[in-house]
Amino acid sequence: MTIEANDPALSIASEKPTSLRPILEWIARRAEPVVIALAAILIGLALFSLFILAVGKSPVALFQLMYTGGFGSWFSVQNSLSRAAPLLLTALCVALPARLGLVIIGGEGAVVLGGVAAAAMALPLAGTAPVFLTLILMAIAAMAVGGIWIGLAGFLRHYRGVNETISSLLLSYIAIALMNQFVEGMLRDPASLNKPSTRPLPAEYMLGKIPGMDVHWGLVIGILACIVSWIVMEATSYGFAARIAGGNVRAAQIQGLPVGKLIAGFTALAGSFAGLAGMIEVAAVQGSANASLAAGYGYTGILVAFLARHNPLAIIPVAILLGGIDASGGLIQRRMGLPDATVLVLQGTLFIVILFCETFYGRFKIFNPDLWKRSL
């Protein structure tokens, strides 16, 4: 018995499984959002396939066209990346407040008002001020307006008890109405007859392309915004306080955390990112503020944020994926005779399934090492 207890081979055999447990726990905890998100996507695609079959079309052909239009060539990839740029920022508008337990769905309003603010700032500067200074001031104006707009929803939530989901959505409709009022009124370019818009930016004042790519610098700005947001949420005391407040508001208040300031601050930061998306649309795509600013990027950003589980880094690949799906809409319309809104049906289906799958988090023992009974 003594010899067996002191046998080195037996001691090594008994220690090896124990050393694997931290690795398995790390994998299990991080596998849950990936597995459930992939399952949600597959279920959503299956349900969407039934819809396509019901209208007499082939789901296989549609998905092939979707891949071709989004990622099948270098041109398609660049088009997808360009469409992903605003989604990165509008998804942050949803993801950052979500870490405090808030559901903000009014990013579309911040986008359109941010674009109008950027265009209004450019009117007296374009042609007189340096290009870089003009773009910086346009970005500041757009972020300030977007931050105030979404920050208003956070302020109403904390200080007046108004549901932030409803208020942010209603604020979006008000923002679109204000955008139409400005674009068709005091900021309208007299030369824009059929499509009211502000005076176009001179070509040299447009946000340029990334060298070697037909993709504007808005993509880089969006990626940097996601990285900075992740650092703020995961590596700063403000992000830690926000996560505490999101987990339990009462506990955060008992600990003396400024919950009201956190809510107002992070909703304002979220809105500033959406406003920046509007500025990028004006300075890199449209060249002016017009009705095309209300392109639905704020609403698609909701799907991106939920699919990424409100993780700023995960938003990057998800936004590129959704950008590719959006880019394939025109090809699907031409080749299969389906309306361009078919892509919106897919996005809506995915969103419903993702919301449904949210109920499965924490229900599977395999993803929760605290419930493992057998020692590894």
# chains A, B, ... in the order shown; residues from 1 in each chain; ligands from 1
>>> residues_around(residues="A:Ile231", least_positions_apart="5", cutoff="10 Å", atoms="only C-alpha atoms", output="PyMOL selection string")
chain A and resi 225-226+236+239+312-313
>>> write_last_selection(atoms="C-alpha atoms", output="compact mmCIF listing (two decimals), in the first residue's frame")
# COMPACT_ATOMS: atom_id res chain seq x y z
CA ALA A 225 -14.41 52.49 -31.82
CA CYS A 226 -15.16 48.83 -31.04
CA THR A 236 -11.46 50.63 -16.65
CA GLY A 239 -16.70 49.94 -17.25
CA PRO A 312 -17.69 45.23 -28.72
CA LEU A 313 -15.03 42.94 -30.19
>>> atom_distance(atom1="atom CA of A:Ile148", atom2="atom CA of A:Leu88")
19.7 Å
>>> residues_around(residues="stretch 267-281 of chain A", least_positions_apart="4", cutoff="7 Å", atoms="only C-alpha atoms", output="JSON, numbers by chain")
{"A": [86, 89, 90, 92, 93, 96, 97, 107, 110, 111, 112, 113, 114, 115, 118, 138, 139, 142, 143, 144, 145, 146, 147, 148, 149, 150, 151, 154, 218, 263, 285, 286, 293]}
>>> residues_around(residues="A:Arg335", least_positions_apart="2", cutoff="10 Å", atoms="only C-alpha atoms", output="VMD selection string")
chain A and resid 61 to 62 65 330 to 333 337 to 338
>>> write_last_selection(atoms="N, CA and C atoms", output="PDB file, in the first residue's frame")
ATOM      1  N   ALA A  61     -30.319  28.207 -54.012  1.00  0.00           N
ATOM      2  CA  ALA A  61     -29.926  29.220 -54.990  1.00  0.00           C
ATOM      3  C   ALA A  61     -29.818  30.596 -54.332  1.00  0.00           C
ATOM      4  N   LEU A  62     -30.750  30.883 -53.421  1.00  0.00           N
ATOM      5  CA  LEU A  62     -30.718  32.187 -52.751  1.00  0.00           C
ATOM      6  C   LEU A  62     -29.468  32.335 -51.883  1.00  0.00           C
ATOM      7  N   LEU A  65     -26.450  32.943 -54.016  1.00  0.00           N
ATOM      8  CA  LEU A  65     -26.400  34.336 -54.460  1.00  0.00           C
ATOM      9  C   LEU A  65     -26.022  35.257 -53.303  1.00  0.00           C
ATOM     10  N   GLY A 330     -29.329  43.465 -53.737  1.00  0.00           N
ATOM     11  CA  GLY A 330     -29.534  43.843 -55.132  1.00  0.00           C
ATOM     12  C   GLY A 330     -29.377  42.668 -56.081  1.00  0.00           C
ATOM     13  N   LEU A 331     -28.372  41.816 -55.831  1.00  0.00           N
ATOM     14  CA  LEU A 331     -28.150  40.649 -56.688  1.00  0.00           C
ATOM     15  C   LEU A 331     -29.315  39.667 -56.590  1.00  0.00           C
ATOM     16  N   ILE A 332     -29.831  39.471 -55.391  1.00  0.00           N
ATOM     17  CA  ILE A 332     -30.984  38.580 -55.202  1.00  0.00           C
ATOM     18  C   ILE A 332     -32.193  39.110 -55.966  1.00  0.00           C
ATOM     19  N   GLN A 333     -32.369  40.403 -55.923  1.00  0.00           N
ATOM     20  CA  GLN A 333     -33.501  41.011 -56.623  1.00  0.00           C
ATOM     21  C   GLN A 333     -33.389  40.810 -58.132  1.00  0.00           C
ATOM     22  N   GLY A 337     -35.707  37.611 -58.917  1.00  0.00           N
ATOM     23  CA  GLY A 337     -36.979  38.302 -59.021  1.00  0.00           C
ATOM     24  C   GLY A 337     -37.659  38.544 -57.686  1.00  0.00           C
ATOM     25  N   LEU A 338     -36.907  38.445 -56.609  1.00  0.00           N
ATOM     26  CA  LEU A 338     -37.453  38.711 -55.275  1.00  0.00           C
ATOM     27  C   LEU A 338     -37.264  40.182 -54.930  1.00  0.00           C
TER      28      LEU A 338
END
>>> atom_distance(atom1="atom CA of A:Met121", atom2="atom CA of A:Ala141")
7.0 Å
>>> residues_around(residues="stretch 324-326 of chain A", least_positions_apart="2", cutoff="6 Å", atoms="only C-alpha atoms", output="list in words")
Gly70, Ser80, Leu321, Leu322, Ser328 and Gly329 of chain A
>>> write_last_selection(atoms="C-alpha atoms", output="PDB file, in the first residue's frame")
ATOM      1  CA  GLY A  70     -21.499  39.473 -50.137  1.00  0.00           C
ATOM      2  CA  SER A  80     -19.680  44.371 -47.671  1.00  0.00           C
ATOM      3  CA  LEU A 321     -21.441  39.258 -41.882  1.00  0.00           C
ATOM      4  CA  LEU A 322     -24.594  41.394 -41.788  1.00  0.00           C
ATOM      5  CA  SER A 328     -26.376  40.830 -51.587  1.00  0.00           C
ATOM      6  CA  GLY A 329     -29.903  42.297 -51.691  1.00  0.00           C
TER       7      GLY A 329
END
>>> residues_around(residues="A:Phe240", least_positions_apart="4", cutoff="12 Å", atoms="only C-alpha atoms", output="ChimeraX atom specification")
/A:99-100,230-236,244-247,252,257,262
>>> write_last_selection(atoms="all heavy atoms", output="short mmCIF file (atom, residue, chain, number, x, y, z; two decimals), in the first residue's frame")
data_model
loop_
_atom_site.label_atom_id
_atom_site.label_comp_id
_atom_site.auth_asym_id
_atom_site.auth_seq_id
_atom_site.Cartn_x
_atom_site.Cartn_y
_atom_site.Cartn_z
N ARG A 99 -24.97 46.88 -21.44
CA ARG A 99 -24.14 46.43 -20.33
C ARG A 99 -24.62 47.01 -19.00
O ARG A 99 -24.25 46.52 -17.94
CB ARG A 99 -22.67 46.82 -20.57
CG ARG A 99 -22.09 46.29 -21.86
CD ARG A 99 -22.11 44.78 -21.93
NE ARG A 99 -21.18 44.17 -21.02
CZ ARG A 99 -19.91 43.88 -21.32
NH1 ARG A 99 -19.45 44.16 -22.52
NH2 ARG A 99 -19.13 43.30 -20.44
N LEU A 100 -25.45 48.05 -19.06
CA LEU A 100 -26.08 48.60 -17.87
C LEU A 100 -27.51 48.11 -17.71
O LEU A 100 -28.26 48.61 -16.88
CB LEU A 100 -26.08 50.13 -17.90
CG LEU A 100 -24.75 50.83 -17.65
CD1 LEU A 100 -24.12 51.23 -18.98
CD2 LEU A 100 -24.91 52.04 -16.77
N TRP A 230 -14.37 48.22 -26.00
CA TRP A 230 -14.05 47.01 -25.24
C TRP A 230 -13.08 47.34 -24.10
O TRP A 230 -13.25 46.85 -22.98
CB TRP A 230 -13.44 45.96 -26.16
CG TRP A 230 -13.17 44.67 -25.46
CD1 TRP A 230 -14.03 43.63 -25.27
CD2 TRP A 230 -11.94 44.28 -24.83
NE1 TRP A 230 -13.44 42.63 -24.57
CE2 TRP A 230 -12.15 42.99 -24.28
CE3 TRP A 230 -10.70 44.89 -24.67
CZ2 TRP A 230 -11.15 42.31 -23.59
CZ3 TRP A 230 -9.70 44.21 -23.97
CH2 TRP A 230 -9.93 42.93 -23.45
N ILE A 231 -12.10 48.17 -24.39
CA ILE A 231 -11.14 48.55 -23.34
C ILE A 231 -11.86 49.31 -22.22
O ILE A 231 -11.62 49.06 -21.03
CB ILE A 231 -10.01 49.41 -23.94
CG1 ILE A 231 -9.16 48.57 -24.90
CG2 ILE A 231 -9.13 50.00 -22.84
CD1 ILE A 231 -8.12 49.36 -25.67
N VAL A 232 -12.74 50.23 -22.59
CA VAL A 232 -13.48 51.00 -21.57
C VAL A 232 -14.32 50.08 -20.70
O VAL A 232 -14.36 50.22 -19.47
CB VAL A 232 -14.35 52.07 -22.25
CG1 VAL A 232 -15.31 52.70 -21.25
CG2 VAL A 232 -13.48 53.14 -22.89
N MET A 233 -15.01 49.12 -21.33
CA MET A 233 -15.91 48.26 -20.57
C MET A 233 -15.18 47.21 -19.75
O MET A 233 -15.64 46.83 -18.67
CB MET A 233 -16.90 47.56 -21.53
CG MET A 233 -17.88 48.48 -22.22
SD MET A 233 -18.86 49.50 -21.08
CE MET A 233 -19.65 48.25 -20.09
N GLU A 234 -14.05 46.74 -20.24
CA GLU A 234 -13.38 45.61 -19.59
C GLU A 234 -12.16 45.98 -18.78
O GLU A 234 -11.74 45.19 -17.92
CB GLU A 234 -12.98 44.56 -20.65
CG GLU A 234 -14.13 44.04 -21.48
CD GLU A 234 -15.13 43.25 -20.66
OE1 GLU A 234 -14.75 42.72 -19.60
OE2 GLU A 234 -16.31 43.18 -21.08
N ALA A 235 -11.58 47.14 -19.01
CA ALA A 235 -10.30 47.44 -18.37
C ALA A 235 -10.27 48.77 -17.63
O ALA A 235 -9.20 49.25 -17.29
CB ALA A 235 -9.18 47.42 -19.43
N THR A 236 -11.42 49.37 -17.40
CA THR A 236 -11.46 50.63 -16.65
C THR A 236 -12.45 50.53 -15.50
O THR A 236 -13.36 49.68 -15.50
CB THR A 236 -11.87 51.82 -17.55
OG1 THR A 236 -13.24 51.66 -17.95
CG2 THR A 236 -10.99 51.90 -18.78
N ILE A 244 -21.47 46.45 -12.92
CA ILE A 244 -22.09 46.23 -11.61
C ILE A 244 -23.51 46.79 -11.61
O ILE A 244 -24.46 46.15 -11.15
CB ILE A 244 -21.25 46.89 -10.50
CG1 ILE A 244 -19.89 46.19 -10.37
CG2 ILE A 244 -22.00 46.86 -9.17
CD1 ILE A 244 -19.97 44.76 -9.94
N ALA A 245 -23.67 48.00 -12.14
CA ALA A 245 -24.99 48.62 -12.19
C ALA A 245 -25.93 47.83 -13.09
O ALA A 245 -27.13 47.72 -12.81
CB ALA A 245 -24.88 50.06 -12.69
N GLY A 246 -25.40 47.27 -14.17
CA GLY A 246 -26.23 46.47 -15.06
C GLY A 246 -26.66 45.17 -14.43
O GLY A 246 -27.75 44.66 -14.71
N GLY A 247 -25.81 44.60 -13.57
CA GLY A 247 -26.16 43.35 -12.90
C GLY A 247 -27.19 43.53 -11.80
O GLY A 247 -28.11 42.73 -11.66
N ALA A 252 -25.57 48.35 -6.69
CA ALA A 252 -24.68 49.43 -7.10
C ALA A 252 -24.95 50.70 -6.32
O ALA A 252 -24.02 51.41 -5.90
CB ALA A 252 -24.83 49.69 -8.60
N LEU A 257 -22.24 53.76 -5.96
CA LEU A 257 -21.90 54.05 -7.36
C LEU A 257 -22.88 55.06 -7.93
O LEU A 257 -24.09 54.99 -7.66
CB LEU A 257 -21.94 52.76 -8.19
CG LEU A 257 -20.89 51.70 -7.84
CD1 LEU A 257 -21.09 50.47 -8.70
CD2 LEU A 257 -19.49 52.24 -8.02
N LEU A 262 -23.75 57.16 -14.58
CA LEU A 262 -23.31 56.08 -15.45
C LEU A 262 -24.29 55.87 -16.60
O LEU A 262 -23.89 55.71 -17.75
CB LEU A 262 -23.16 54.78 -14.64
CG LEU A 262 -21.97 54.69 -13.69
CD1 LEU A 262 -22.08 53.46 -12.81
CD2 LEU A 262 -20.66 54.68 -14.46
#
